[in-house]
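Colleague: Here it is: the structure, laid out below.
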Number of protein chains: 2
Amino acid sequence: MRGIIKAKGAILYDEHGGEYIDGIASWYTSMYGHCNAYILEKVQRQMEVLDQVVFSGFTHEPAIRLSEELIKILPPNQHKIFFSDNGSTATEVGIKMALQYHFNKGNQRKVLLAFEGGFHGDTFGAMSVSGLSVYNGPFEDYFIEVERIPTPTKDNVGDILKRLNSELELESIAGFIYEPLVQGAASMKMHDADGLNVILELLKKHQVLLIADEVMTGFGKTGKNFASDHIDVKPDIICMSKSLSAGLVPLAVTSCTQQIFDAFYSDEISKGLFHGHTYTANPLACVAALSGLELLQSEQIQKDIQRVIQSHKEFGLKISQHPKVATIRQCGIIFALDLNIKTERYGTLRNRLFNFFMEEGVFLRPLGNTIYILAPYIITNAQLSTIYESIERALDEVV
Amino acid sequence: MRGIIKAKGAILYDEHGGEYIDGIASWYTSMYGHCNAYILEKVQRQMEVLDQVVFSGFTHEPAIRLSEELIKILPPNQHKIFFSDNGSTATEVGIKMALQYHFNKGNQRKVLLAFEGGFHGDTFGAMSVSGLSVYNGPFEDYFIEVERIPTPTKDNVGDILKRLNSELELESIAGFIYEPLVQGAASMKMHDADGLNVILELLKKHQVLLIADEVMTGFGKTGKNFASDHIDVKPDIICMSKSLSAGLVPLAVTSCTQQIFDAFYSDEISKGLFHGHTYTANPLACVAALSGLELLQSEQIQKDIQRVIQSHKEFGLKISQHPKVATIRQCGIIFALDLNIKTERYGTLRNRLFNFFMEEGVFLRPLGNTIYILAPYIITNAQLSTIYESIERALDEVV
């Protein structure tokens, strides 16, 4: 186990003097760079004033301002903000919203729809809708009932619609949870916006609530603020976390439409959405998030995002010609390539690749036969080149 | 909704110039006082060096030191530390440990045992084992199978043991999750250590894993470091959060014995415990927790704890004589009184009491007909007197 003692910008420093480019932005969180001075200063100032207070009956400026700023950049149908602590709880809240929305309206809709191979978290509700099943053996007896469809391709979308059409007649599906455009844990598997759009359109027509899990894709990674911005049909519920709080401390948000909020607004206490973690809307996390949003919308970071997108494109053109590369794919600053050999998700080749990259000063986490890059926006061109060259060498020397 | 703009020590400040004694330490988190200079300085220093890094394949000093310091003060059978983000995820991890422990050993144990009226969190697994059911209507179809027993009294413990004895023959119960000594959300309902001890003894004899949810009771509140320190039979798994990170940012830990760890340690990947949130073992949260542990073990805070305990005792003697008080109870610094009238959990009287206290500059959250105090350890004697006097006036003027 390698001890990390320091991080700055795109670089991690270990206890033995090693330096590593954080090629996955510490699980897609530290997009504005580690120990970002602008963010630190704001959080340190907040810390001196108000560290934490019960978020029930009370409110505070960082939570109000963050809600307002989020609503400004979220798809225009999003009106309400619900806070929690991490991606798992963000999706649990989304799932509870969808099930209880129909329950409160007296509808008998208790099934959720999800993509095959999706990942939405590790708590029981979040595990239920996740499709990476090797981990779930001991817990499956207690999962929410879930129907799964493949992610859309030009070839299969007709079949998906046909199957859904007959299922939707039963009026049993409460909500559809999906990672729009990119399935992170499924090795950055991508699907196209048009296919997703026609699926969402059909589901919306049948009152299936659309729950976009943007925990990984949110806040600029697809080249727009949200992956949902690439798709005409807007989600009813959006789950956010990871880079929401700019890589500083845990924070999550589940946003929803006015229509969903209204279904919970009642004098009957049992119609309320009961979900409140102790540190909900923690002021320090809210200020980190506010600083992150400021940076995200700055000219500099928007330029950086375009720069990284362009850089990946050029690398993609080149590396796709390599004989050991089967396919490449890119969505915004997310770049992935598949090796043209079969391998296990956490097998030997994966470990050899990981170690090779670390030896070269590059922190990447290959998944099975996929090598992907999801670096901080502030990564320099020189650092990007180091990653690309290291991948090229890995193809020649390790694979 | 009242806007809180500042907090210092035991005081919350609102946007209209109001000041309130935080009589519940912001949901039992800010035990060393809000914006504690010692803690802030340590966290600010950490922030400049290492804010966040993937906690998989990597480790860091704050996480290692926190693990070591926790093991020193946890019951001696606790050997391993598992990080997550909040009380709900701490119990989800505990539940997963118990179910998968038996699964990995090939045992057919899929039922959990819990106390009636317990509260363990808001995610699906945590909701399953919680007994406050008014909120759970839309989700109950998907809960883990749970058997419930009442909390022990001198009168009922014989019956509980008899019932358990016959159920335990089925060898179906994987684990027992319990809030030791005090059930927080159940209006600080308390039970005695002797009764709990004989129940735990019987369960342990039958290989039922004991999961102590010390999210509320942990870190000094019962007068010892953990409620489990008052009980001879030690838990196999302990869930911690809230004041673990000293009221600064979200953090949770689930600790376990070597025996449990060993049941997961295998080359078979499906035997591993797959649960990892993105900000797991966040360095800033770990440093906040380390600073909190230092303070907890300081002579000053240990003195403060004894001072508050003694102060509550004296108040208890006095207030128990009041004609509108049915019963009082105390466990460490947790003090509660029940009014001798029936009322709803969130009914009108509860709201009138809440507003009365706020008018008097005291932040308390009565639950039904229970008024409880769980103040920061650093609360002054004068502030305690203000709370007591306000409660006395409320009994006379509001109830």
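Chain labels A, B, ... are given in the sequence in which chains occur in the structure tokens; within each chain residues are numbered consecutively from 1, and ligands are likewise numbered from 1 in the order shown.
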Determine which residues of chain B sit within 7 Å of chain A, taking into account only C-alpha atoms, and present them as a PyMOL selection string.
Modeller: chain B and resi 1-7+26-27+34-35+44+47-54+57-60+85+89+92+99-100+103+122-125+134-135+138+142-144+242+247-250+270+274-275+278-279+282
Colleague: Considering only strand (DSSP E or B) as DSSP defines it on the backbone, what residues of stretch 33-265 of chain B qualify? List them as a PDB file with C-alpha atoms, in the first residue's frame.
Modeller:
```pdb
ATOM      1  CA  HIS B  34     -18.171  24.844  17.294  1.00  0.00           C
ATOM      2  CA  PHE B  58      -3.160   4.190  -1.654  1.00  0.00           C
ATOM      3  CA  THR B  59      -3.135   5.116   1.996  1.00  0.00           C
ATOM      4  CA  LYS B  80      -9.864  -3.530  11.901  1.00  0.00           C
ATOM      5  CA  ILE B  81     -11.193  -0.180  10.714  1.00  0.00           C
ATOM      6  CA  PHE B  82     -13.453   0.331   7.672  1.00  0.00           C
ATOM      7  CA  PHE B  83     -14.131   3.923   6.565  1.00  0.00           C
ATOM      8  CA  SER B  84     -17.271   5.436   5.090  1.00  0.00           C
ATOM      9  CA  VAL B 111     -32.240 -12.564   9.096  1.00  0.00           C
ATOM     10  CA  LEU B 112     -31.205  -9.610  11.221  1.00  0.00           C
ATOM     11  CA  LEU B 113     -32.320  -8.994  14.770  1.00  0.00           C
ATOM     12  CA  ALA B 114     -32.961  -5.455  15.991  1.00  0.00           C
ATOM     13  CA  PHE B 115     -34.522  -3.569  18.859  1.00  0.00           C
ATOM     14  CA  VAL B 146     -35.698  -8.334  10.445  1.00  0.00           C
ATOM     15  CA  GLU B 147     -36.930  -9.801  13.740  1.00  0.00           C
ATOM     16  CA  ARG B 148     -37.489  -7.310  16.533  1.00  0.00           C
ATOM     17  CA  ILE B 149     -37.238  -7.607  20.288  1.00  0.00           C
ATOM     18  CA  ILE B 173     -30.120 -14.924  12.472  1.00  0.00           C
ATOM     19  CA  ALA B 174     -26.925 -13.413  11.027  1.00  0.00           C
ATOM     20  CA  GLY B 175     -26.536 -10.405  13.274  1.00  0.00           C
ATOM     21  CA  PHE B 176     -28.090  -8.224  15.952  1.00  0.00           C
ATOM     22  CA  ILE B 177     -27.926  -4.462  15.487  1.00  0.00           C
ATOM     23  CA  TYR B 178     -28.526  -2.353  18.569  1.00  0.00           C
ATOM     24  CA  VAL B 182     -29.571   4.751  24.624  1.00  0.00           C
ATOM     25  CA  GLN B 183     -31.861   4.789  21.562  1.00  0.00           C
ATOM     26  CA  LYS B 189     -35.027   5.832  25.446  1.00  0.00           C
ATOM     27  CA  MET B 190     -32.622   4.058  27.803  1.00  0.00           C
ATOM     28  CA  LEU B 209     -22.744 -11.215  15.164  1.00  0.00           C
ATOM     29  CA  LEU B 210     -23.236  -8.253  17.466  1.00  0.00           C
ATOM     30  CA  ILE B 211     -23.373  -4.892  15.662  1.00  0.00           C
ATOM     31  CA  ALA B 212     -23.240  -1.988  18.126  1.00  0.00           C
ATOM     32  CA  ASP B 213     -24.515   1.211  16.525  1.00  0.00           C
ATOM     33  CA  ILE B 237     -18.810  -4.777  14.880  1.00  0.00           C
ATOM     34  CA  ILE B 238     -19.048  -1.137  15.984  1.00  0.00           C
ATOM     35  CA  CYS B 239     -20.552   1.684  13.876  1.00  0.00           C
ATOM     36  CA  MET B 240     -19.318   5.234  14.508  1.00  0.00           C
ATOM     37  CA  ALA B 252     -17.862   7.278   9.525  1.00  0.00           C
ATOM     38  CA  VAL B 253     -16.069   4.159  10.667  1.00  0.00           C
ATOM     39  CA  THR B 254     -17.188   0.560  11.054  1.00  0.00           C
ATOM     40  CA  SER B 255     -14.738  -1.418  13.166  1.00  0.00           C
ATOM     41  CA  CYS B 256     -14.641  -5.191  13.512  1.00  0.00           C
TER      42      CYS B 256
END
```
Colleague: Do you have the atom CA of A:Val308-atom CA of A:Asn340 distance handy?
Modeller: 25.4 Å
Colleague: What does the structure give for the distance between atom CA of A:Gly347 and atom CA of A:Asp396, in Å to one decimal?
Modeller: 19.0 Å
Colleague: Name the residues in contact with B:Arg163 at a cut-off of 12 Å, using only C-alpha atoms, excluding same-chain residues fewer than 6 positions from it; report them as a list in words.
Modeller: Glu147, Arg148, Ile149, Pro150, Asn156, Val157, Glu169, Ile199, Leu202 and Leu203 of chain B
Colleague: Tell me which protein, DNA and RNA residues are within 10 Å of A:Arg307, counting only C-alpha atoms, leaving out same-chain ones fewer than 3 positions away, and put them as a tab-separated table (two decimals) with N, CA, C and O atoms, in the first residue's frame.
Modeller:
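Dumped to part_10.tsv:
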```
chain	number	residue	atom	x	y	z
A	301	ILE	N	-11.13	27.76	-16.84
A	301	ILE	CA	-11.45	26.33	-16.78
A	301	ILE	C	-12.20	25.90	-18.04
A	301	ILE	O	-11.96	24.80	-18.57
A	302	GLN	N	-13.08	26.76	-18.56
A	302	GLN	CA	-13.78	26.40	-19.79
A	302	GLN	C	-12.79	26.23	-20.94
A	302	GLN	O	-12.93	25.32	-21.76
A	303	LYS	N	-11.78	27.07	-20.97
A	303	LYS	CA	-10.70	26.92	-21.96
A	303	LYS	C	-9.95	25.61	-21.74
A	303	LYS	O	-9.61	24.90	-22.68
A	304	ASP	N	-9.63	25.35	-20.47
A	304	ASP	CA	-8.91	24.12	-20.13
A	304	ASP	C	-9.68	22.89	-20.61
A	304	ASP	O	-9.11	21.94	-21.14
A	310	GLN	N	-9.55	18.59	-27.00
A	310	GLN	CA	-8.83	18.61	-28.26
A	310	GLN	C	-7.59	17.72	-28.20
A	310	GLN	O	-7.31	16.96	-29.13
A	311	SER	N	-6.89	17.80	-27.07
A	311	SER	CA	-5.68	17.00	-26.89
A	311	SER	C	-6.00	15.51	-26.95
A	311	SER	O	-5.32	14.73	-27.63
A	312	HIS	N	-7.06	15.10	-26.25
A	312	HIS	CA	-7.48	13.69	-26.29
A	312	HIS	C	-7.85	13.26	-27.71
A	312	HIS	O	-7.56	12.14	-28.12
A	313	LYS	N	-8.49	14.16	-28.44
A	313	LYS	CA	-8.90	13.82	-29.81
A	313	LYS	C	-7.69	13.48	-30.66
A	313	LYS	O	-7.69	12.49	-31.41
A	333	ILE	N	-13.93	15.26	-21.71
A	333	ILE	CA	-12.55	15.02	-21.26
A	333	ILE	C	-12.33	13.56	-20.84
A	333	ILE	O	-11.28	13.22	-20.32
A	377	TYR	N	-9.06	19.17	-14.87
A	377	TYR	CA	-9.11	20.14	-15.98
A	377	TYR	C	-7.82	20.93	-16.08
A	377	TYR	O	-7.43	21.37	-17.16
A	378	ILE	N	-7.14	21.14	-14.95
A	378	ILE	CA	-5.97	22.02	-14.94
A	378	ILE	C	-4.68	21.28	-15.30
A	378	ILE	O	-3.60	21.84	-15.19
A	379	ILE	N	-4.80	20.03	-15.74
A	379	ILE	CA	-3.60	19.28	-16.14
A	379	ILE	C	-2.91	20.05	-17.26
A	379	ILE	O	-3.56	20.61	-18.15
A	380	THR	N	-1.57	20.08	-17.25
A	380	THR	CA	-0.84	20.82	-18.30
A	380	THR	C	-0.70	19.94	-19.54
A	380	THR	O	-0.86	18.72	-19.49
A	381	ASN	N	-0.38	20.58	-20.65
A	381	ASN	CA	-0.15	19.82	-21.89
A	381	ASN	C	1.02	18.87	-21.73
A	381	ASN	O	1.00	17.75	-22.24
```
Colleague: Please provide as a list in words all residues within 7 Å of B:Ile373, with the sequence filter that same-chain residues fewer than 3 positions apart are discarded (counting only C-alpha atoms).
Modeller: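 That gives Gly23, Ile24, Ile334, Phe335 and Ala336 of chain B.
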Colleague: Could the residues in this selection be saved with C-alpha atoms as a PDB file, in the first residue's frame?
Modeller:
```pdb
ATOM      1  CA  GLY B  23     -28.301  22.155  23.577  1.00  0.00           C
ATOM      2  CA  ILE B  24     -27.986  19.156  21.251  1.00  0.00           C
ATOM      3  CA  ILE B 334     -27.417  12.520  27.947  1.00  0.00           C
ATOM      4  CA  PHE B 335     -30.353  13.772  29.997  1.00  0.00           C
ATOM      5  CA  ALA B 336     -34.051  13.342  29.157  1.00  0.00           C
TER       6      ALA B 336
END
```
Colleague: Would you mind writing down, as an MDAnalysis selection string, each residue of stretch 152-288 of chain B that DSSP on the backbone assigns to helix (DSSP H, G or I)?
Modeller: chainID B and resid 157:168 193:205 227:230 242:245 258:264 269:271 283:288
Colleague: Please save N, CA and C atoms of the selected residues as a short mmCIF file (atom, residue, chain, number, x, y, z; two decimals), in the first residue's frame.
Modeller:
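Listed below is the output, out05.cif:
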```
data_model
loop_
_atom_site.label_atom_id
_atom_site.label_comp_id
_atom_site.auth_asym_id
_atom_site.auth_seq_id
_atom_site.Cartn_x
_atom_site.Cartn_y
_atom_site.Cartn_z
N VAL B 157 -36.96 -9.27 30.58
CA VAL B 157 -35.75 -9.90 30.02
C VAL B 157 -35.87 -11.42 29.98
N GLY B 158 -36.59 -11.98 30.95
CA GLY B 158 -36.82 -13.42 30.94
C GLY B 158 -37.58 -13.85 29.70
N ASP B 159 -38.64 -13.11 29.37
CA ASP B 159 -39.43 -13.42 28.18
C ASP B 159 -38.61 -13.28 26.90
N ILE B 160 -37.78 -12.23 26.86
CA ILE B 160 -36.95 -12.02 25.65
C ILE B 160 -36.02 -13.21 25.44
N LEU B 161 -35.38 -13.65 26.53
CA LEU B 161 -34.44 -14.77 26.42
C LEU B 161 -35.15 -16.04 25.98
N LYS B 162 -36.36 -16.26 26.52
CA LYS B 162 -37.14 -17.45 26.18
C LYS B 162 -37.46 -17.45 24.69
N ARG B 163 -37.94 -16.28 24.21
CA ARG B 163 -38.30 -16.17 22.80
C ARG B 163 -37.06 -16.36 21.92
N LEU B 164 -35.96 -15.72 22.30
CA LEU B 164 -34.74 -15.84 21.51
C LEU B 164 -34.25 -17.28 21.48
N ASN B 165 -34.31 -17.94 22.61
CA ASN B 165 -33.83 -19.33 22.68
C ASN B 165 -34.50 -20.22 21.65
N SER B 166 -35.81 -20.04 21.48
CA SER B 166 -36.47 -20.89 20.49
C SER B 166 -36.14 -20.45 19.07
N GLU B 167 -35.99 -19.14 18.85
CA GLU B 167 -35.66 -18.67 17.50
C GLU B 167 -34.23 -19.03 17.09
N LEU B 168 -33.35 -19.01 18.07
CA LEU B 168 -31.94 -19.24 17.74
C LEU B 168 -31.68 -20.67 17.28
N ALA B 193 -27.75 -1.91 31.35
CA ALA B 193 -26.62 -2.68 30.83
C ALA B 193 -26.74 -4.16 31.17
N ASP B 194 -27.27 -4.49 32.33
CA ASP B 194 -27.35 -5.90 32.74
C ASP B 194 -28.26 -6.69 31.81
N GLY B 195 -29.41 -6.12 31.52
CA GLY B 195 -30.36 -6.80 30.63
C GLY B 195 -29.76 -6.99 29.25
N LEU B 196 -29.13 -5.93 28.74
CA LEU B 196 -28.50 -6.02 27.42
C LEU B 196 -27.40 -7.09 27.44
N ASN B 197 -26.68 -7.13 28.54
CA ASN B 197 -25.55 -8.06 28.64
C ASN B 197 -26.00 -9.53 28.51
N VAL B 198 -27.06 -9.90 29.18
CA VAL B 198 -27.49 -11.31 29.09
C VAL B 198 -28.02 -11.64 27.70
N ILE B 199 -28.66 -10.64 27.05
CA ILE B 199 -29.12 -10.87 25.67
C ILE B 199 -27.92 -11.09 24.74
N LEU B 200 -26.92 -10.21 24.87
CA LEU B 200 -25.73 -10.31 24.01
C LEU B 200 -25.00 -11.64 24.24
N GLU B 201 -24.96 -12.04 25.50
CA GLU B 201 -24.29 -13.30 25.86
C GLU B 201 -24.94 -14.48 25.14
N LEU B 202 -26.27 -14.52 25.20
CA LEU B 202 -27.00 -15.61 24.55
C LEU B 202 -26.76 -15.59 23.04
N LEU B 203 -26.84 -14.40 22.44
CA LEU B 203 -26.68 -14.28 20.98
C LEU B 203 -25.28 -14.69 20.56
N LYS B 204 -24.30 -14.25 21.32
CA LYS B 204 -22.91 -14.58 20.99
C LYS B 204 -22.70 -16.10 21.01
N LYS B 205 -23.30 -16.75 22.00
CA LYS B 205 -23.20 -18.22 22.10
C LYS B 205 -23.73 -18.91 20.85
N ALA B 227 -20.51 3.31 24.69
CA ALA B 227 -21.55 2.68 25.51
C ALA B 227 -21.18 1.22 25.75
N SER B 228 -20.54 0.60 24.76
CA SER B 228 -20.16 -0.81 24.90
C SER B 228 -19.16 -1.03 26.03
N ASP B 229 -18.50 0.03 26.48
CA ASP B 229 -17.57 -0.10 27.61
C ASP B 229 -18.31 -0.36 28.93
N HIS B 230 -19.61 -0.12 28.96
CA HIS B 230 -20.39 -0.38 30.18
C HIS B 230 -20.89 -1.82 30.23
N LYS B 242 -20.95 10.85 13.44
CA LYS B 242 -21.31 12.05 14.21
C LYS B 242 -20.08 12.70 14.87
N SER B 243 -19.94 12.60 16.19
CA SER B 243 -18.84 13.30 16.85
C SER B 243 -17.47 12.67 16.57
N LEU B 244 -17.45 11.54 15.86
CA LEU B 244 -16.17 10.97 15.41
C LEU B 244 -15.32 12.05 14.76
N SER B 245 -15.91 12.83 13.85
CA SER B 245 -15.15 13.87 13.15
C SER B 245 -15.35 15.25 13.78
N GLN B 258 -10.87 -9.34 14.42
CA GLN B 258 -9.99 -10.09 13.51
C GLN B 258 -10.76 -11.25 12.87
N GLN B 259 -11.60 -11.89 13.66
CA GLN B 259 -12.38 -13.04 13.18
C GLN B 259 -13.25 -12.66 11.98
N ILE B 260 -13.85 -11.49 12.05
CA ILE B 260 -14.69 -11.05 10.93
C ILE B 260 -13.82 -10.71 9.73
N PHE B 261 -12.77 -9.97 9.96
CA PHE B 261 -11.84 -9.64 8.88
C PHE B 261 -11.39 -10.91 8.15
N ASP B 262 -11.02 -11.93 8.92
CA ASP B 262 -10.49 -13.17 8.34
C ASP B 262 -11.50 -13.85 7.41
N ALA B 263 -12.78 -13.69 7.71
CA ALA B 263 -13.81 -14.35 6.88
C ALA B 263 -13.93 -13.71 5.50
N PHE B 264 -13.33 -12.52 5.33
CA PHE B 264 -13.38 -11.82 4.05
C PHE B 264 -12.05 -11.90 3.30
N ILE B 269 -12.35 -13.20 -5.27
CA ILE B 269 -12.74 -11.80 -5.24
C ILE B 269 -14.17 -11.61 -4.72
N SER B 270 -15.03 -12.60 -4.95
CA SER B 270 -16.43 -12.47 -4.50
C SER B 270 -16.55 -12.55 -2.99
N LYS B 271 -15.49 -12.96 -2.30
CA LYS B 271 -15.55 -13.00 -0.84
C LYS B 271 -15.17 -11.67 -0.20
N PRO B 283 -8.75 12.79 3.98
CA PRO B 283 -7.71 13.24 4.92
C PRO B 283 -8.16 14.36 5.86
N LEU B 284 -8.96 15.30 5.37
CA LEU B 284 -9.40 16.40 6.23
C LEU B 284 -10.31 15.87 7.36
N ALA B 285 -11.20 14.97 7.01
CA ALA B 285 -12.09 14.38 8.01
C ALA B 285 -11.29 13.55 9.02
N CYS B 286 -10.27 12.83 8.52
CA CYS B 286 -9.44 12.03 9.43
C CYS B 286 -8.70 12.92 10.42
N VAL B 287 -8.19 14.04 9.94
CA VAL B 287 -7.46 14.95 10.84
C VAL B 287 -8.42 15.59 11.85
N ALA B 288 -9.62 15.95 11.40
CA ALA B 288 -10.63 16.45 12.35
C ALA B 288 -10.88 15.39 13.43
#
```
Colleague: Out of A:Glu19, A:Glu392, A:Glu268, A:Glu360, which residue has the shortest atom-to-atom distance to A:His322 when counting only C-alpha atoms?
Modeller: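 Distance minimum relative to A:His322 lands on A:Glu392.
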Colleague: List the neighbours of stretch 353-359 of chain A out to 9 Å using only C-alpha atoms; skip same-chain residues closer than 2 positions along the sequence, and give me the result as JSON, numbers by chain.
Modeller: {"A": [18, 19, 20, 348, 349, 350, 351, 361, 362, 363, 364, 365, 366, 371, 387, 390, 391, 394, 398, 399]}
Colleague: My list of candidates is B:Gly292, B:Pro76, B:Gly118, B:Pro376. Which is closest to B:Ala186 when distances are computed with only C-alpha atoms?
Modeller: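 Nearest candidate to B:Ala186 out of B:Gly292, B:Pro76, B:Gly118, B:Pro376: B:Gly118.
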Colleague: Hey, what's within 10 Å of A:Ser320 if we count only C-alpha atoms and toss same-chain stuff fewer than 5 positions away? As a list in words, please?
Modeller: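 The contact residues come out as Phe315, Val325, Ala326, Thr327, Ile328, Arg329, Leu337 and Asp338 of chain A.
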Colleague: By how many Å are atom CA of A:Leu170 and atom CA of A:Asn77 apart?
Modeller: 27.3 Å
Colleague: Considering only C-alpha atoms, can you say which of B:Met31, B:Ala10, B:Leu290, B:Val215 comes closest to B:Arg65?
Modeller: B:Leu290
